[in-house]
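A quick write-up on the structure given underneath.
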Number of protein chains: 2
Amino acid sequence: MTTELTPAQDLPPGTALRHPTEADHARLQVALTEWWGGLGGEVGSMQRRLMVPRLFLQHFADTSFWVEDADGSLQAFLIGFLSQTDPRTAYIHYVGVHPERRRSGLGSALYHRFFALVQEHGRDRVRCLTGPNNLNSIAYHQRMGFRVEPGERTEDGVPVQPDYDGPGLDRVTFVRDL
Amino acid sequence: MTTELTPAQDLPPGTALRHPTEADHARLQVALTEWWGGLGGEVGSMQRRLMVPRLFLQHFADTSFWVEDADGSLQAFLIGFLSQTDPRTAYIHYVGVHPERRRSGLGSALYHRFFALVQEHGRDRVRCLTGPNNLNSIAYHQRMGFRVEPGERTEDGVPVQPDYDGPGLDRVTFVRDL
């Protein structure tokens, strides 16, 4: 648990990877506010913050990742866990990459770290989801080998599951075999 | 997993206990909207709904409980999990009891079921939290044997941890040894 991880070859030079701790939560909340380019306005920003309460850094730290620059500033994170109910499945709850680090391979490196880690725990399937308005995320997951699961309706060619996470919280869900 | 549980002696007559499934999520969202007496207004209601996305019923069903009446209507629920990072700890994320079932012993019965279940998994400590404005919940957890953890400031005699779950999301946190 919370093994310190040292600079990794598949990450951009000067960055360091570790598991997050509870003390990182305030900086995570700032990233959730600032990194999405205002997607969904003030409500979207509040929804992102509420979706990652501190419990994820307390209780799912060992399958989550945190990348900092040489000066200690946050560059990317991945919050994921092993499904407790379904022994085949691991779940990626939230991923963020600093806007200035996009297209650097950093996000993909974190996904592949997570895939390898959960495979060590016997998982052969990864699930995650996004909002139907997050077209960048939908395209990204398809490039990363995720299948889009069927939806009740189609928006811009994407199958959408209406009210998936509650009233008005439509989702696009993804699954990838490992 | 998702063992069907039959009517239990410690529950009110006519109620039945089981683990929740993903298909219960829409009804859970209705309960989160209607059972808190409008605590925190429309924002409070939305915060409650956002705090229990579908993933909890998908991936933590086997340590969560769902109680229905003879006619199948929801009477109470408890959403909890085993900490993946801390092998001593189990966490209760959300508990609700139908307003007409309050003071029936139903809530306590669910807490004690959860305590017994997580002890079978080797856990000897349970954590949970609530908002500082939820005075009923604070008093209830103290009656249930939880200690209030220290806070940075005190409100109405209760230690509060400011911005615990993000900006403006103050919390009162509890711990109970099993």
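Ligands are numbered from 1 in the order shown, residues from 1 within each chain, and chains are lettered A, B, ... in the order they appear in the structure tokens.
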Per-residue nearest contacts of chain B to chain A (10 Å; only C-alpha atoms) as a tab-separated table:
```
residue	atom	partner	partner_atom	distance
B:Met1	CA	A:Thr85	CA	6.9
B:Thr2	CA	A:Thr85	CA	8.2
B:His25	CA	A:Gly166	CA	7.7
B:Ala26	CA	A:Gly166	CA	6.5
B:Arg27	CA	A:Gly166	CA	9.5
B:Leu28	CA	A:Gly166	CA	9.0
B:Gln29	CA	A:Gly166	CA	6.1
B:Val30	CA	A:Gly166	CA	8.7
B:Met46	CA	A:Gln47	CA	9.2
B:Gln47	CA	A:Leu50	CA	7.0
B:Arg48	CA	A:Leu50	CA	9.3
B:Arg49	CA	A:Gly166	CA	6.9
B:Leu50	CA	A:Met51	CA	6.5
B:Met51	CA	A:Met51	CA	6.3
B:Val52	CA	A:Asp165	CA	8.2
B:Pro53	CA	A:Asp165	CA	5.1
B:Arg54	CA	A:Asp165	CA	5.4
B:Leu55	CA	A:Asp165	CA	8.4
B:Phe56	CA	A:Ser83	CA	9.6
B:Leu57	CA	A:Thr85	CA	9.0
B:Gln58	CA	A:Thr85	CA	7.1
B:His59	CA	A:Ser83	CA	4.8
B:Phe60	CA	A:Thr85	CA	5.5
B:Ala61	CA	A:Thr85	CA	6.1
B:Asp62	CA	A:Thr85	CA	5.8
B:Thr63	CA	A:Thr85	CA	8.5
B:Phe81	CA	A:Gln84	CA	7.9
B:Leu82	CA	A:Gln84	CA	8.0
B:Ser83	CA	A:His59	CA	4.8
B:Gln84	CA	A:His59	CA	5.4
B:Thr85	CA	A:His59	CA	4.9
B:Asp86	CA	A:His59	CA	6.5
B:Pro87	CA	A:His59	CA	9.4
B:Thr89	CA	A:His59	CA	8.7
B:Ala90	CA	A:His59	CA	9.0
B:Tyr91	CA	A:His59	CA	8.5
B:His93	CA	A:Leu55	CA	8.8
B:Cys128	CA	A:Leu55	CA	9.5
B:Asp163	CA	A:Ala26	CA	8.3
B:Tyr164	CA	A:Arg54	CA	7.3
B:Asp165	CA	A:Pro53	CA	5.1
B:Gly166	CA	A:Gln29	CA	6.1
B:Pro167	CA	A:Gln29	CA	7.8
B:Leu169	CA	A:Leu50	CA	9.0
```
Practice task
Would you mind writing down, as an MDAnalysis selection string, each residue of chain A that DSSP on the backbone assigns to strand (DSSP E or B)?
Solution key: chainID A and resid 16:18 65:68 74:82 89:97 125:130 147:148 153:155 158:161 171:177
Within 12 Å of segment 153-156 of chain A, counting only C-alpha atoms, which residues qualify if same-chain residues fewer than 2 places away don't, as a short mmCIF file (atom, residue, chain, number, x, y, z; two decimals) with N, CA and C atoms, in the first residue's frame?
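Okay, this is what ended up in around_12.cif:
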```
data_model
loop_
_atom_site.label_atom_id
_atom_site.label_comp_id
_atom_site.auth_asym_id
_atom_site.auth_seq_id
_atom_site.Cartn_x
_atom_site.Cartn_y
_atom_site.Cartn_z
N GLY A 131 -19.63 11.87 -19.47
CA GLY A 131 -20.86 12.57 -19.85
C GLY A 131 -20.97 12.67 -21.36
N PRO A 132 -22.20 12.65 -21.89
CA PRO A 132 -22.37 12.68 -23.36
C PRO A 132 -21.86 13.97 -24.00
N ASN A 133 -21.70 15.04 -23.21
CA ASN A 133 -21.18 16.29 -23.78
C ASN A 133 -19.66 16.34 -23.81
N ASN A 134 -19.01 15.30 -23.25
CA ASN A 134 -17.54 15.31 -23.21
C ASN A 134 -16.98 14.52 -24.40
N LEU A 135 -17.05 15.17 -25.57
CA LEU A 135 -16.69 14.47 -26.81
C LEU A 135 -15.22 14.07 -26.84
N ILE A 138 -14.93 10.83 -24.95
CA ILE A 138 -15.50 9.69 -25.68
C ILE A 138 -14.50 9.21 -26.74
N VAL A 148 -17.85 1.34 -26.51
CA VAL A 148 -18.99 2.07 -25.96
C VAL A 148 -20.13 1.07 -25.80
N GLU A 149 -20.75 1.05 -24.64
CA GLU A 149 -21.86 0.13 -24.42
C GLU A 149 -23.14 0.71 -25.01
N PRO A 150 -24.12 -0.16 -25.32
CA PRO A 150 -25.36 0.31 -25.95
C PRO A 150 -26.08 1.32 -25.06
N GLY A 151 -26.79 2.25 -25.69
CA GLY A 151 -27.58 3.24 -24.96
C GLY A 151 -29.02 3.23 -25.43
N VAL A 158 -23.29 8.74 -30.77
CA VAL A 158 -22.83 8.08 -29.53
C VAL A 158 -24.04 7.55 -28.76
N PRO A 159 -23.98 6.26 -28.34
CA PRO A 159 -25.09 5.71 -27.54
C PRO A 159 -25.08 6.28 -26.12
N VAL A 160 -26.20 6.86 -25.73
CA VAL A 160 -26.31 7.55 -24.43
C VAL A 160 -27.30 6.80 -23.55
N GLN A 161 -26.95 6.65 -22.26
CA GLN A 161 -27.85 6.04 -21.29
C GLN A 161 -28.46 7.16 -20.44
N PRO A 162 -29.72 7.50 -20.70
CA PRO A 162 -30.32 8.64 -20.00
C PRO A 162 -30.50 8.37 -18.51
N ASP A 163 -30.29 9.41 -17.70
CA ASP A 163 -30.50 9.35 -16.24
C ASP A 163 -29.72 8.21 -15.59
N ASP A 170 -27.14 11.93 -17.57
CA ASP A 170 -26.94 10.97 -18.66
C ASP A 170 -25.47 10.57 -18.73
N ARG A 171 -25.21 9.34 -19.16
CA ARG A 171 -23.84 8.86 -19.23
C ARG A 171 -23.60 8.03 -20.50
N VAL A 172 -22.35 8.03 -20.95
CA VAL A 172 -21.84 7.11 -21.96
C VAL A 172 -20.92 6.16 -21.21
#
```
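Note that atom CA of Arg88 of chain B and atom CA of His121 of chain A are 19.5 Å apart.
Using only C-alpha atoms for every distance, the candidate list B:Thr21, B:Trp36, B:Ala109, B:Arg123 yields B:Trp36 as the residue closest to Asn136 of chain B.
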Problem - Contacts of Phe65 of chain B within 7 Å, only C-alpha atoms, excl. fewer than 4 positions in-chain, as a VMD selection string - result: chain B and resid 17 to 20 77 to 79
Write out the residues from the selection above, keeping all heavy atoms, as an mmCIF file, in the first residue's frame.
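Result file follows (part_38.cif):
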```
data_model
loop_
_atom_site.group_PDB
_atom_site.id
_atom_site.type_symbol
_atom_site.label_atom_id
_atom_site.label_comp_id
_atom_site.auth_asym_id
_atom_site.auth_seq_id
_atom_site.Cartn_x
_atom_site.Cartn_y
_atom_site.Cartn_z
ATOM 1 N N LEU B 17 -35.009 -7.943 3.778
ATOM 2 C CA LEU B 17 -33.658 -7.405 3.592
ATOM 3 C C LEU B 17 -32.973 -8.139 2.454
ATOM 4 O O LEU B 17 -33.072 -9.363 2.344
ATOM 5 C CB LEU B 17 -32.871 -7.639 4.881
ATOM 6 C CG LEU B 17 -31.417 -7.196 4.959
ATOM 7 C CD1 LEU B 17 -31.320 -5.688 5.067
ATOM 8 C CD2 LEU B 17 -30.728 -7.854 6.150
ATOM 9 N N ARG B 18 -32.267 -7.398 1.605
ATOM 10 C CA ARG B 18 -31.412 -8.017 0.584
ATOM 11 C C ARG B 18 -30.273 -7.048 0.277
ATOM 12 O O ARG B 18 -30.248 -5.924 0.793
ATOM 13 C CB ARG B 18 -32.218 -8.325 -0.681
ATOM 14 C CG ARG B 18 -32.844 -7.102 -1.338
ATOM 15 C CD ARG B 18 -33.541 -7.501 -2.646
ATOM 16 N NE ARG B 18 -34.322 -6.422 -3.230
ATOM 17 C CZ ARG B 18 -33.841 -5.461 -4.005
ATOM 18 N NH1 ARG B 18 -32.545 -5.407 -4.280
ATOM 19 N NH2 ARG B 18 -34.638 -4.529 -4.506
ATOM 20 N N HIS B 19 -29.350 -7.477 -0.589
ATOM 21 C CA HIS B 19 -28.352 -6.550 -1.100
ATOM 22 C C HIS B 19 -28.959 -5.803 -2.285
ATOM 23 O O HIS B 19 -29.766 -6.374 -3.027
ATOM 24 C CB HIS B 19 -27.097 -7.307 -1.535
ATOM 25 C CG HIS B 19 -26.390 -7.980 -0.402
ATOM 26 N ND1 HIS B 19 -25.898 -7.281 0.681
ATOM 27 C CD2 HIS B 19 -26.107 -9.280 -0.163
ATOM 28 C CE1 HIS B 19 -25.342 -8.121 1.528
ATOM 29 N NE2 HIS B 19 -25.460 -9.347 1.043
ATOM 30 N N PRO B 20 -28.585 -4.524 -2.483
ATOM 31 C CA PRO B 20 -29.144 -3.794 -3.629
ATOM 32 C C PRO B 20 -28.528 -4.264 -4.940
ATOM 33 O O PRO B 20 -27.478 -4.916 -4.958
ATOM 34 C CB PRO B 20 -28.751 -2.344 -3.337
ATOM 35 C CG PRO B 20 -27.528 -2.439 -2.489
ATOM 36 C CD PRO B 20 -27.658 -3.701 -1.683
ATOM 37 N N PHE B 77 -31.957 1.948 3.440
ATOM 38 C CA PHE B 77 -30.797 1.411 2.727
ATOM 39 C C PHE B 77 -29.532 1.800 3.479
ATOM 40 O O PHE B 77 -29.515 2.778 4.255
ATOM 41 C CB PHE B 77 -30.738 1.950 1.285
ATOM 42 C CG PHE B 77 -30.557 3.433 1.190
ATOM 43 C CD1 PHE B 77 -29.295 3.993 1.226
ATOM 44 C CD2 PHE B 77 -31.642 4.291 1.083
ATOM 45 C CE1 PHE B 77 -29.119 5.367 1.159
ATOM 46 C CE2 PHE B 77 -31.483 5.672 1.020
ATOM 47 C CZ PHE B 77 -30.218 6.204 1.057
ATOM 48 N N LEU B 78 -28.494 1.029 3.270
ATOM 49 C CA LEU B 78 -27.152 1.345 3.772
ATOM 50 C C LEU B 78 -26.168 1.017 2.655
ATOM 51 O O LEU B 78 -26.180 -0.101 2.122
ATOM 52 C CB LEU B 78 -26.820 0.529 5.031
ATOM 53 C CG LEU B 78 -25.454 0.800 5.701
ATOM 54 C CD1 LEU B 78 -25.523 0.480 7.201
ATOM 55 C CD2 LEU B 78 -24.316 0.001 5.056
ATOM 56 N N ILE B 79 -25.348 2.014 2.285
ATOM 57 C CA ILE B 79 -24.323 1.816 1.255
ATOM 58 C C ILE B 79 -22.970 1.855 1.964
ATOM 59 O O ILE B 79 -22.599 2.884 2.539
ATOM 60 C CB ILE B 79 -24.365 2.942 0.190
ATOM 61 C CG1 ILE B 79 -25.781 3.142 -0.363
ATOM 62 C CG2 ILE B 79 -23.346 2.682 -0.909
ATOM 63 C CD1 ILE B 79 -26.319 2.029 -1.187
#
```
